[in-house]
$ cat input.tsv   # TSV, C-alpha atoms and all ligand atoms
chain	number	residue	atom	x	y	z
A	252	MET	CA	-1.67	-3.44	-23.87
A	253	ARG	CA	-1.44	-3.02	-20.12
A	254	LYS	CA	2.00	-3.49	-18.58
A	255	LYS	CA	1.85	-5.99	-15.74
A	256	ILE	CA	2.57	-4.46	-12.34
A	257	ILE	CA	3.75	-6.52	-9.38
A	258	ALA	CA	3.96	-4.57	-6.12
A	259	GLY	CA	5.10	-5.76	-2.73
A	260	ASN	CA	3.26	-4.52	0.32
A	261	TRP	CA	5.78	-4.99	3.09
A	262	LYS	CA	3.22	-4.03	5.77
A	263	MET	CA	4.92	-3.68	9.20
A	264	ASN	CA	7.63	-6.21	8.55
A	265	VAL	CA	11.03	-4.89	7.47
A	266	LYS	CA	13.38	-2.69	9.48
A	267	PRO	CA	15.28	0.23	7.95
A	268	SER	CA	18.55	-1.65	8.49
A	269	GLU	CA	17.18	-4.65	6.52
A	270	THR	CA	15.73	-2.63	3.66
A	271	ALA	CA	18.70	-2.07	1.34
A	272	ALA	CA	19.60	-5.76	1.23
A	273	LEU	CA	16.04	-6.81	0.35
A	274	VAL	CA	15.61	-4.14	-2.35
A	275	LYS	CA	18.98	-4.98	-3.90
A	276	ALA	CA	18.22	-8.70	-3.86
A	277	ILE	CA	14.85	-8.04	-5.54
A	278	ALA	CA	16.46	-5.81	-8.18
A	279	GLU	CA	19.09	-8.45	-8.89
A	280	ALA	CA	16.61	-11.34	-9.01
A	281	THR	CA	14.19	-9.54	-11.37
A	282	ARG	CA	16.58	-7.80	-13.78
A	283	GLN	CA	15.75	-10.27	-16.52
A	284	TYR	CA	12.04	-9.43	-16.52
A	285	PRO	CA	12.00	-5.99	-18.17
A	286	ASP	CA	8.34	-6.11	-19.21
A	287	VAL	CA	7.04	-6.06	-15.65
A	288	GLU	CA	6.71	-2.96	-13.49
A	289	VAL	CA	8.23	-3.91	-10.12
A	290	VAL	CA	7.41	-1.92	-6.98
A	291	CYS	CA	8.24	-2.23	-3.29
A	292	CYS	CA	5.78	-0.41	-1.02
A	293	THR	CA	7.52	-0.10	2.32
A	294	PRO	CA	6.89	1.36	5.74
A	295	ALA	CA	7.50	5.11	5.46
A	296	ILE	CA	10.56	4.89	7.68
A	297	ASP	CA	12.18	2.45	5.21
A	298	VAL	CA	11.64	4.66	2.17
A	299	PRO	CA	14.96	6.55	2.16
A	300	ALA	CA	16.91	3.29	2.34
A	301	ALA	CA	14.67	1.69	-0.30
A	302	VAL	CA	14.99	4.64	-2.69
A	303	ALA	CA	18.79	4.67	-2.30
A	304	ALA	CA	19.03	0.92	-2.89
A	305	ALA	CA	16.68	1.05	-5.89
A	306	ALA	CA	18.54	3.92	-7.59
A	307	GLY	CA	19.67	2.93	-11.06
A	308	THR	CA	17.51	-0.22	-11.07
A	309	HIS	CA	14.05	-0.90	-12.52
A	310	VAL	CA	12.51	-1.18	-9.02
A	311	GLY	CA	10.10	1.56	-7.95
A	312	VAL	CA	9.39	2.47	-4.34
A	313	GLY	CA	6.12	3.38	-2.67
A	314	THR	CA	4.55	3.90	0.74
A	315	GLU	CA	1.59	2.14	2.34
A	316	ASN	CA	-0.54	5.19	3.11
A	317	CYS	CA	-0.67	8.98	2.70
A	318	HIS	CA	-2.69	11.84	4.12
A	319	TRP	CA	-4.71	14.23	1.96
A	320	LYS	CA	-3.56	17.48	3.57
A	321	GLU	CA	-0.29	18.99	2.49
A	322	SER	CA	0.91	19.73	6.04
A	323	GLY	CA	-0.38	20.53	9.49
A	324	ALA	CA	-1.22	19.10	12.88
A	325	TYR	CA	-1.85	15.46	11.88
A	326	THR	CA	0.40	13.52	14.23
A	327	GLY	CA	1.64	10.28	12.75
A	328	GLU	CA	0.54	10.97	9.18
A	329	ILE	CA	2.66	11.61	6.07
A	330	SER	CA	1.74	13.96	3.24
A	331	THR	CA	1.99	13.29	-0.47
A	332	GLY	CA	4.54	16.13	-0.70
A	333	MET	CA	6.75	14.29	1.79
A	334	ILE	CA	6.43	11.10	-0.24
A	335	VAL	CA	7.35	12.87	-3.48
A	336	ASP	CA	10.27	14.58	-1.73
A	337	SER	CA	11.54	11.20	-0.48
A	338	GLY	CA	11.77	9.87	-4.03
A	339	ALA	CA	8.95	7.34	-3.73
A	340	LYS	CA	6.55	7.23	-6.68
A	341	TYR	CA	3.69	5.02	-5.53
A	342	VAL	CA	1.32	4.85	-2.58
A	343	ILE	CA	-1.11	2.17	-1.47
A	344	VAL	CA	-4.46	3.65	-0.45
A	345	GLY	CA	-7.33	2.01	1.39
A	346	HIS	CA	-5.77	-1.34	2.18
A	347	SER	CA	-8.26	-3.56	4.02
A	348	GLU	CA	-6.02	-3.52	7.10
A	349	ARG	CA	-6.31	0.30	7.17
A	350	ARG	CA	-10.08	-0.06	6.78
A	351	GLN	CA	-10.31	-2.75	9.47
A	352	TYR	CA	-7.93	-1.41	12.13
A	353	PHE	CA	-7.57	2.32	11.48
A	354	GLY	CA	-11.01	3.58	10.61
A	355	GLU	CA	-10.40	4.07	6.89
A	356	THR	CA	-13.65	4.68	5.00
A	357	ASP	CA	-14.51	4.94	1.32
A	358	GLU	CA	-14.60	8.73	1.83
A	359	THR	CA	-11.08	8.92	3.28
A	360	VAL	CA	-9.84	6.51	0.62
A	361	ASN	CA	-11.15	8.98	-1.94
A	362	LEU	CA	-9.42	11.95	-0.29
A	363	ARG	CA	-6.11	10.08	-0.09
A	364	ALA	CA	-6.31	8.75	-3.65
A	365	ARG	CA	-7.09	12.18	-5.10
A	366	ALA	CA	-4.26	13.80	-3.13
A	367	ALA	CA	-1.81	11.12	-4.28
A	368	ILE	CA	-2.74	11.50	-7.95
A	369	ALA	CA	-2.68	15.31	-7.71
A	370	ALA	CA	0.88	15.06	-6.34
A	371	GLY	CA	1.94	12.94	-9.32
A	372	LEU	CA	2.13	9.67	-7.38
A	373	THR	CA	0.63	6.44	-8.66
A	374	ALA	CA	-2.19	5.51	-6.29
A	375	ILE	CA	-2.79	1.79	-5.75
A	376	VAL	CA	-6.37	1.86	-4.51
A	377	CYS	CA	-7.43	-1.30	-2.68
A	378	ILE	CA	-10.94	-2.70	-2.67
A	379	GLY	CA	-12.43	-6.06	-1.77
A	380	GLU	CA	-15.17	-7.82	0.12
A	381	THR	CA	-15.11	-9.72	3.41
A	382	LEU	CA	-16.15	-13.36	3.57
A	383	GLU	CA	-19.34	-12.31	5.34
A	384	GLU	CA	-20.23	-9.90	2.53
A	385	ARG	CA	-19.49	-12.50	-0.15
A	386	GLU	CA	-21.56	-15.17	1.59
A	387	ALA	CA	-24.45	-12.74	2.02
A	388	GLY	CA	-24.49	-12.18	-1.77
A	389	ARG	CA	-23.30	-8.59	-1.40
A	390	LEU	CA	-20.09	-8.84	-3.46
A	391	ASN	CA	-21.22	-6.63	-6.37
A	392	GLU	CA	-22.82	-4.06	-4.11
A	393	VAL	CA	-19.67	-3.74	-1.97
A	394	ILE	CA	-17.30	-3.43	-4.95
A	395	GLU	CA	-19.54	-0.86	-6.63
A	396	ARG	CA	-19.87	1.19	-3.45
A	397	GLN	CA	-16.12	1.11	-2.79
A	398	MET	CA	-15.53	2.33	-6.36
A	399	ASN	CA	-18.35	4.87	-6.61
A	400	VAL	CA	-17.24	6.60	-3.42
A	401	GLY	CA	-13.54	5.76	-3.38
A	402	LEU	CA	-12.95	6.92	-6.96
A	403	LYS	CA	-15.33	9.89	-6.91
A	404	ASP	CA	-14.02	12.87	-8.91
A	405	ILE	CA	-11.14	10.88	-10.33
A	406	ALA	CA	-11.31	11.81	-14.00
A	407	ALA	CA	-10.28	9.85	-17.07
A	408	ALA	CA	-7.16	12.03	-17.31
A	409	ASP	CA	-6.12	10.93	-13.80
A	410	CYS	CA	-6.30	7.24	-14.62
A	411	ALA	CA	-2.73	6.98	-15.89
A	412	LYS	CA	-1.81	7.36	-12.21
A	413	LEU	CA	-4.41	4.90	-10.94
A	414	VAL	CA	-3.99	1.21	-10.22
A	415	ILE	CA	-6.79	-0.74	-8.58
A	416	ALA	CA	-5.98	-3.69	-6.33
A	417	TYR	CA	-8.72	-6.26	-5.81
A	418	GLU	CA	-7.99	-7.95	-2.52
A	419	PRO	CA	-10.72	-10.24	-1.20
A	420	VAL	CA	-10.28	-9.76	2.56
A	421	TRP	CA	-10.75	-13.48	3.18
A	422	ALA	CA	-7.72	-14.28	1.01
A	423	ILE	CA	-5.24	-11.94	2.70
A	424	GLY	CA	-2.59	-13.73	4.75
A	425	THR	CA	-4.84	-16.77	5.05
A	426	GLY	CA	-3.32	-19.01	2.39
A	427	LYS	CA	-6.78	-19.05	0.73
A	428	THR	CA	-6.51	-17.65	-2.77
A	429	ALA	CA	-9.48	-16.75	-4.90
A	430	THR	CA	-9.59	-19.18	-7.80
A	431	PRO	CA	-8.53	-17.61	-11.10
A	432	ASP	CA	-12.18	-17.71	-12.25
A	433	GLN	CA	-13.45	-16.10	-9.03
A	434	ALA	CA	-10.82	-13.37	-9.31
A	435	GLN	CA	-11.44	-12.78	-13.04
A	436	GLU	CA	-15.18	-12.44	-12.41
A	437	VAL	CA	-14.59	-9.60	-9.94
A	438	HIS	CA	-11.89	-7.99	-12.09
A	439	ALA	CA	-14.38	-7.89	-14.97
A	440	LEU	CA	-16.94	-6.26	-12.67
A	441	ILE	CA	-14.32	-3.71	-11.60
A	442	ARG	CA	-13.48	-2.88	-15.21
A	443	ALA	CA	-17.16	-2.55	-16.11
A	444	THR	CA	-17.73	-0.27	-13.12
A	445	LEU	CA	-14.69	1.76	-14.09
A	446	ALA	CA	-16.05	2.07	-17.64
A	447	ARG	CA	-19.19	3.61	-16.20
A	448	LEU	CA	-17.13	6.04	-14.10
A	449	VAL	CA	-14.45	7.15	-16.58
A	450	GLY	CA	-15.47	5.71	-19.95
A	451	ALA	CA	-14.81	2.36	-21.59
A	452	GLU	CA	-11.70	3.45	-23.45
A	453	THR	CA	-9.93	4.68	-20.32
A	454	ALA	CA	-11.13	1.68	-18.31
A	455	GLU	CA	-9.25	-0.59	-20.73
A	456	THR	CA	-5.98	1.16	-19.84
A	457	VAL	CA	-6.20	0.88	-16.04
A	458	ARG	CA	-4.26	-1.93	-14.38
A	459	ILE	CA	-6.19	-4.10	-11.91
A	460	GLN	CA	-4.04	-6.15	-9.54
A	461	TYR	CA	-5.10	-9.21	-7.61
A	462	GLY	CA	-3.95	-9.49	-3.99
A	463	GLY	CA	-4.41	-12.21	-1.40
A	464	SER	CA	-2.01	-15.11	-0.88
A	465	MET	CA	-0.47	-14.73	-4.35
A	466	LYS	CA	2.69	-16.85	-4.58
A	467	PRO	CA	4.98	-18.23	-7.29
A	468	GLY	CA	2.87	-21.42	-7.35
A	469	ASN	CA	-0.46	-19.74	-8.15
A	470	ALA	CA	0.61	-16.51	-9.88
A	471	ALA	CA	0.75	-17.85	-13.44
A	472	GLU	CA	-2.86	-19.03	-13.56
A	473	LEU	CA	-4.15	-15.81	-11.98
A	474	LEU	CA	-2.06	-13.57	-14.26
A	475	ALA	CA	-3.22	-15.49	-17.34
A	476	LYS	CA	-6.73	-14.10	-16.84
A	477	LYS	CA	-7.82	-11.33	-19.17
A	478	ASP	CA	-8.44	-8.62	-16.58
A	479	ILE	CA	-5.73	-9.51	-14.04
A	480	ASP	CA	-2.89	-7.11	-14.72
A	481	GLY	CA	-0.62	-7.77	-11.78
A	482	GLY	CA	-0.45	-8.53	-8.11
A	483	LEU	CA	-0.23	-6.82	-4.75
A	484	ILE	CA	1.84	-9.17	-2.68
A	485	GLY	CA	2.19	-9.39	1.10
A	486	GLY	CA	4.02	-12.37	2.57
A	487	ALA	CA	5.67	-13.52	-0.66
A	488	ALA	CA	7.16	-10.03	-1.21
A	489	LEU	CA	9.40	-10.34	1.84
A	490	LYS	CA	11.84	-12.75	0.20
A	491	ALA	CA	13.55	-11.89	-3.08
A	492	ASP	CA	13.21	-15.39	-4.50
A	493	SER	CA	9.46	-15.77	-3.94
A	494	PHE	CA	8.78	-12.19	-5.13
A	495	ALA	CA	10.92	-12.83	-8.21
A	496	GLY	CA	9.00	-16.04	-8.87
A	497	ILE	CA	5.78	-14.02	-9.17
A	498	ILE	CA	7.49	-11.47	-11.41
A	499	GLU	CA	8.77	-14.25	-13.64
A	500	ALA	CA	5.17	-15.49	-13.99
A	501	ALA	CA	4.05	-11.94	-14.87
A	502	GLN	CA	6.73	-11.67	-17.53
A	503	ALA	CA	5.59	-14.98	-19.03
A	504	ALA	CA	1.93	-13.85	-19.00
A	505	LYS	CA	2.55	-10.51	-20.70
B	601	LIG	P1	-0.70	-11.73	1.42
B	601	LIG	O1	-0.02	-11.83	0.08
B	601	LIG	O2	0.24	-11.93	2.57
B	601	LIG	O3	-1.94	-12.54	1.49
B	601	LIG	O4	-1.15	-10.19	1.55
B	601	LIG	C1	-1.87	-9.62	0.52
B	601	LIG	C2	-1.98	-8.18	0.78
B	601	LIG	O5	-2.66	-7.75	1.70
B	601	LIG	C3	-1.22	-7.26	-0.07
B	601	LIG	O6	-1.61	-5.95	0.12
$ encode --input "input.tsv" --output "structure tokens" --more "lines below"
Ligand code: 13P
Amino acid sequence: MRKKIIAGNWKMNVKPSETAALVKAIAEATRQYPDVEVVCCTPAIDVPAAVAAAAGTHVGVGTENCHWKESGAYTGEISTGMIVDSGAKYVIVGHSERRQYFGETDETVNLRARAAIAAGLTAIVCIGETLEEREAGRLNEVIERQMNVGLKDIAAADCAKLVIAYEPVWAIGTGKTATPDQAQEVHALIRATLARLVGAETAETVRIQYGGSMKPGNAAELLAKKDIDGGLIGGAALKADSFAGIIEAAQAAK
């Protein structure tokens, strides 16, 4: 039985001074849904405020990126040791916006994911195809490549700290959601690919989130699908009531 995991990806949207109020409102609005793992992945500069506000609640905190080196001359980057030291427990790796705007590749996704897991963080590894790739019939090839390279040398024993987020790029921030059947089809492919990489038994334990315009109004039908174990939420994670609406749907789908 996989515990549903709903994570907010705040992206570059919330200031440090606004963070405590949002985290507290989310904790308050989702207290009654104990069967769902609730996470806020925030800009690194918001993490101390988020961790302080989440203390004593069921809400976990994460970052949106990490570097693979422990320290050194990497201006602008943050190490997994810094993230652990800050009290955050999760990190998003390989988001399509990192791939699109910041030169992230499957190889660097792999380095970051392995470093995160080695540090004891839960790595939320993002994969997904562009509209162009889907329309060219390359969906399976893209997902398999992103997993073969991005998850290389991640062993079955590491998978307790692995979450995969399937985010079709064409559904992110566009209001276009994959239909539940479209999403389930790719989630099944992801689980089958994972079975090949780490074994079928372990693959059954790994949570696979859907991300891309998930909202309270469409969450229930997505989360009802067999291989959809949660959501990675952008826009709807920035307001406690809409985020809580998705978490309520996850609780009902458990
Ligand atoms: P939206 O929910 O705003 O479409 O963003 C999804 C996403 O990119 C989460 O990582």
$ residues_around --input "input.tsv" --residues "Ser464 (chain A)" --least-positions-apart "2" --cutoff "7 Å" --atoms "all atoms listed in the file" --output "list in words"
Ala422, Ile423, Gly424, Thr425, Gly426, Lys427, Thr428, Gly462 and Lys466 of chain A
$ write_last_selection --input "input.tsv" --atoms "C-alpha atoms" --output "short mmCIF file (atom, residue, chain, number, x, y, z; two decimals), in the frame of the given file"
data_model
loop_
_atom_site.label_atom_id
_atom_site.label_comp_id
_atom_site.auth_asym_id
_atom_site.auth_seq_id
_atom_site.Cartn_x
_atom_site.Cartn_y
_atom_site.Cartn_z
CA ALA A 422 -7.72 -14.28 1.01
CA ILE A 423 -5.24 -11.94 2.70
CA GLY A 424 -2.59 -13.73 4.75
CA THR A 425 -4.84 -16.77 5.05
CA GLY A 426 -3.32 -19.01 2.39
CA LYS A 427 -6.78 -19.05 0.73
CA THR A 428 -6.51 -17.65 -2.77
CA GLY A 462 -3.95 -9.49 -3.99
CA LYS A 466 2.69 -16.85 -4.58
#
$ residues_near_ligand --input "input.tsv" --ligand "ligand LIG 601 (chain B)" --cutoff "10 Å" --atoms "only C-alpha atoms and all ligand atoms" --output "ChimeraX atom specification"
/A:258-262,292,315,343,345-348,375,377,416-428,460-466,482-489
$ closest_atom_pairs --input "input.tsv" --of "region 315-382 of chain A" --to "region 394-413 of chain A" --cutoff "7 Å" --atoms "all atoms listed in the file" --output "tab-separated table"
residue	atom	partner	partner_atom	distance
A:Asp357	CA	A:Gly401	CA	4.9
A:Glu358	CA	A:Gly401	CA	6.1
A:Val360	CA	A:Gly401	CA	5.5
A:Asn361	CA	A:Gly401	CA	4.3
A:Arg365	CA	A:Ile405	CA	6.7
A:Ile368	CA	A:Lys412	CA	6.0
A:Leu372	CA	A:Lys412	CA	6.6
A:Thr373	CA	A:Lys412	CA	4.4
A:Ala374	CA	A:Leu413	CA	5.2
A:Ile375	CA	A:Leu413	CA	6.3
A:Ile378	CA	A:Gln397	CA	6.4
A:Gly379	CA	A:Ile394	CA	6.4
$ closest_residue --input "input.tsv" --among "A:Asn391, A:Asn264, A:Asn469, A:Thr430" --to "Ala443 (chain A)" --atoms "only C-alpha atoms"
A:Asn391
$ residues_around --input "input.tsv" --residues "Ser337 (chain A)" --least-positions-apart "5" --cutoff "9 Å" --atoms "only C-alpha atoms" --output "tab-separated table (two decimals) with C-alpha atoms, in the frame of the given file"
chain	number	residue	atom	x	y	z
A	298	VAL	CA	11.64	4.66	2.17
A	299	PRO	CA	14.96	6.55	2.16
A	302	VAL	CA	14.99	4.64	-2.69
A	332	GLY	CA	4.54	16.13	-0.70
$ closest_residue --input "input.tsv" --among "A:Leu474, A:Val344, A:Ala295, A:Met252" --to "His438 (chain A)" --atoms "all atoms listed in the file"
A:Leu474
$ residues_around --input "input.tsv" --residues "Thr270 (chain A)" --least-positions-apart "5" --cutoff "10 Å" --atoms "all atoms listed in the file" --output "PyMOL selection string"
chain A and resi 265+275-276+293-294+296-304
$ atom_distance --input "input.tsv" --atom1 "CA of Lys505 (chain A)" --atom2 "CA of Ala271 (chain A)"
28.6 Å
